[in-house]
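**Student:** I have a structure here, written as structure tokens, and I will follow up with some questions on it.
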Amino acid sequence: MSMPSPDLDEICGTLIDLAYRAGEIIMGALPATENTGSKKNSADLVTVYDRAVEDMISSELKDKYPYYQFYGEETYDPARPLTNAPTFVIDPIDGTVNFVHGFPHACVSLGFAINRVPTVGVVFNPFTKTLYSAVRGKGAFLNRTSQLPLKRSNVEPLGGLKDSLISVEWGSERTGRNWETKIRTFERLGQSQENGGAMVRSMRSLGSAALNLCAVAAGTLDLYWEGGCWAWDVCAGWIILEEAGGIMVGGNPDEWEAEIDGRKYLAIRAASSQRSQKELVEEFWSTIQGRLEY
Ligand code: IPD
């Protein structure tokens, strides 16, 4: 079958419809521990609902767009890496730990990448009924109507780390060099300046990479740093961030070109000048204690 060139607006509409359907499955879920299992350890969870949502989404997308690839968290096969082909990059439930605990901060994250570049993104949190969406070149929106970033971040210049509310994640790997790098960096970020720290205003861990990226896109967080998450966690949020004027770079110093499956990321919100975004990137990189290796 020959491949038509993608109609990005139409794809975005399809992904929004699927996000609402996924939301119904998520909100209808039974909070039972027998529905939950762990992958690598007790902090890395998967539920029957992650699989049910991915099954529904993959069968709909494969039916409607048989010529595009599908790359989803629950069917990930390391022998089939993400290629340049147009690909749906999907996390059925991002924030699975929140979902299992009923903490209302989980979402379905539906991305579409071409040449490994995030191009369409839809992120829906069914607990709060919050929908973020973007198509490359067409802006990013909250609930389809309010353009991102929200007005507040247009008027506030981006400050340094000491004026920033930032987001970091603990991840599920709790030992080894990446863990050491993270916790030493967290300490440096929070510590007083007299003691050599950056003393950020505060740090949040929202528990969902996609929702962290959307909060940076909205401008309600200034920055988000993570190592260890995957392409399906970031694809949709990445294009929403960029269309809102934010930037994505790598999670280690000097990684100005972030790779979609590079597994370490630093996102900065929109700012009045590109220079101040780059200054904040460099200030953040200089606080990293060690190096993330994924
Ligand atoms: C996880 C979340 C979490 C991040 C992890 C991800 P999941 O995704 O995005 O915020 O710290 O790295 O794996 O497992 O809930 O889909």
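Naming scheme: A, B, ... for chains in displayed order of the structure tokens; residues 1 onward per chain; ligands 1 onward as shown.
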Output the neighbourhood of ligand 1 as an NGL selection string, that is, all protein and nucleic acid residues with some atom at most 10 Å from the ligand, counting only C-alpha atoms and all ligand atoms.

**Tutor:** :A and (39 or 43-46 or 50 or 73-74 or 90-100 or 105-109 or 167-173 or 205-212 or 225-234 or 263-264)

**Student:** Applying 12 Å and only C-alpha atoms, which residues near Glu255 (chain A) remain after dropping the ones on its own chain fewer than 5 positions away? List them as a PyMOL selection string.

**Tutor:** chain A and resi 248-250+262+264-266+278+281-282+285+291-292

**Student:** Looking at A:Cys214, A:Glu257, A:Lys162, A:Glu10, which one is nearest to Ser192 (chain A), with distances taken over only C-alpha atoms?

**Tutor:**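 Closest to Ser192 (chain A) of all the choices is A:Lys162.
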
**Student:** Show which residues sit within 8 Å of region 197-202 of chain A, as a VMD selection string. Count only C-alpha atoms, and ignore same-chain residues fewer than 3 positions away.

**Tutor:** chain A and resid 161 to 166 187 to 194 287

**Student:** Deliver the residues from the most recent selection as a file, using all heavy atoms, as a tab-separated table (two decimals), in the first residue's frame.

**Tutor:**
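The new file part10.tsv reads:
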chain	number	residue	atom	x	y	z
A	161	LEU	N	17.88	30.07	37.98
A	161	LEU	CA	17.36	28.96	38.79
A	161	LEU	C	16.78	29.43	40.11
A	161	LEU	O	15.79	28.90	40.59
A	161	LEU	CB	18.48	27.94	39.06
A	161	LEU	CG	18.81	26.96	37.93
A	161	LEU	CD1	19.95	26.04	38.35
A	161	LEU	CD2	17.58	26.15	37.55
A	162	LYS	N	17.38	30.45	40.71
A	162	LYS	CA	16.90	30.87	42.04
A	162	LYS	C	15.48	31.46	41.97
A	162	LYS	O	14.81	31.54	42.98
A	162	LYS	CB	17.87	31.85	42.69
A	162	LYS	CG	17.82	33.26	42.20
A	162	LYS	CD	18.65	34.17	43.11
A	162	LYS	CE	18.56	35.63	42.73
A	162	LYS	NZ	17.34	36.09	42.10
A	163	ASP	N	15.04	31.83	40.78
A	163	ASP	CA	13.67	32.36	40.63
A	163	ASP	C	12.74	31.31	40.02
A	163	ASP	O	11.65	31.66	39.56
A	163	ASP	CB	13.69	33.60	39.72
A	163	ASP	CG	14.57	34.68	40.29
A	163	ASP	OD1	14.44	34.96	41.49
A	163	ASP	OD2	15.42	35.21	39.54
A	164	SER	N	13.17	30.07	39.98
A	164	SER	CA	12.42	29.07	39.20
A	164	SER	C	11.72	28.03	40.06
A	164	SER	O	12.24	27.60	41.10
A	164	SER	CB	13.37	28.34	38.25
A	164	SER	OG	13.93	29.24	37.32
A	165	LEU	N	10.54	27.62	39.58
A	165	LEU	CA	9.84	26.45	40.11
A	165	LEU	C	10.10	25.34	39.10
A	165	LEU	O	9.74	25.48	37.92
A	165	LEU	CB	8.34	26.73	40.23
A	165	LEU	CG	7.50	25.56	40.73
A	165	LEU	CD1	7.88	25.17	42.17
A	165	LEU	CD2	6.01	25.90	40.67
A	166	ILE	N	10.73	24.27	39.55
A	166	ILE	CA	11.18	23.27	38.59
A	166	ILE	C	10.59	21.90	38.91
A	166	ILE	O	10.08	21.66	40.01
A	166	ILE	CB	12.73	23.18	38.53
A	166	ILE	CG1	13.29	22.44	39.75
A	166	ILE	CG2	13.35	24.57	38.42
A	166	ILE	CD1	14.77	22.12	39.62
A	187	GLU	N	20.13	17.78	45.53
A	187	GLU	CA	20.66	18.46	46.72
A	187	GLU	C	21.23	19.83	46.31
A	187	GLU	O	20.94	20.86	46.93
A	187	GLU	CB	21.74	17.60	47.38
A	187	GLU	CG	22.28	18.23	48.63
A	187	GLU	CD	23.40	17.41	49.26
A	187	GLU	OE1	24.09	16.67	48.53
A	187	GLU	OE2	23.59	17.55	50.48
A	188	ARG	N	22.02	19.83	45.23
A	188	ARG	CA	22.65	21.06	44.77
A	188	ARG	C	21.59	22.09	44.33
A	188	ARG	O	21.72	23.29	44.58
A	188	ARG	CB	23.61	20.73	43.63
A	188	ARG	CG	24.41	21.89	43.08
A	188	ARG	CD	25.29	22.54	44.13
A	188	ARG	NE	26.40	21.73	44.55
A	188	ARG	CZ	27.63	21.77	44.04
A	188	ARG	NH1	27.92	22.63	43.10
A	188	ARG	NH2	28.58	20.99	44.50
A	189	LEU	N	20.54	21.60	43.70
A	189	LEU	CA	19.49	22.51	43.23
A	189	LEU	C	18.75	23.18	44.39
A	189	LEU	O	18.41	24.36	44.33
A	189	LEU	CB	18.46	21.74	42.39
A	189	LEU	CG	18.91	21.34	41.00
A	189	LEU	CD1	17.98	20.28	40.42
A	189	LEU	CD2	18.96	22.56	40.07
A	190	GLY	N	18.56	22.41	45.46
A	190	GLY	CA	17.75	22.94	46.56
A	190	GLY	C	18.54	23.74	47.58
A	190	GLY	O	18.00	24.65	48.22
A	191	GLN	N	19.83	23.43	47.71
A	191	GLN	CA	20.66	23.99	48.79
A	191	GLN	C	20.80	25.51	48.70
A	191	GLN	O	20.74	26.08	47.62
A	191	GLN	CB	22.05	23.37	48.64
A	191	GLN	CG	22.87	23.35	49.88
A	191	GLN	CD	24.06	22.39	49.70
A	191	GLN	OE1	24.60	22.29	48.59
A	191	GLN	NE2	24.44	21.71	50.76
A	192	SER	N	21.06	26.15	49.86
A	192	SER	CA	21.23	27.61	49.89
A	192	SER	C	22.45	28.01	49.06
A	192	SER	O	23.41	27.23	48.91
A	192	SER	CB	21.41	28.08	51.33
A	192	SER	OG	22.69	27.68	51.79
A	193	GLN	N	22.43	29.23	48.58
A	193	GLN	CA	23.56	29.69	47.75
A	193	GLN	C	24.83	29.82	48.59
A	193	GLN	O	25.92	29.56	48.09
A	193	GLN	CB	23.19	30.99	47.05
A	193	GLN	CG	22.07	30.75	46.03
A	193	GLN	CD	21.85	31.88	45.07
A	193	GLN	OE1	22.01	33.04	45.43
A	193	GLN	NE2	21.44	31.55	43.86
A	194	GLU	N	24.70	30.20	49.88
A	194	GLU	CA	25.91	30.30	50.73
A	194	GLU	C	26.63	28.96	50.82
A	194	GLU	O	27.84	28.88	51.02
A	194	GLU	CB	25.57	30.70	52.19
A	194	GLU	CG	24.79	31.98	52.39
A	194	GLU	CD	23.29	31.72	52.30
A	194	GLU	OE1	22.71	31.28	53.30
A	194	GLU	OE2	22.72	31.95	51.22
A	287	THR	N	24.85	22.68	37.30
A	287	THR	CA	24.57	22.14	38.65
A	287	THR	C	24.54	20.61	38.65
A	287	THR	O	24.47	20.00	39.72
A	287	THR	CB	23.20	22.63	39.19
A	287	THR	OG1	22.16	22.04	38.41
A	287	THR	CG2	23.09	24.12	39.21

**Student:** Can you work out which one of A:Ser273, A:Thr119, A:Asn125, A:Thr47 has the shortest atom-to-atom distance to Met27 (chain A), counting only C-alpha atoms?

**Tutor:** A:Asn125
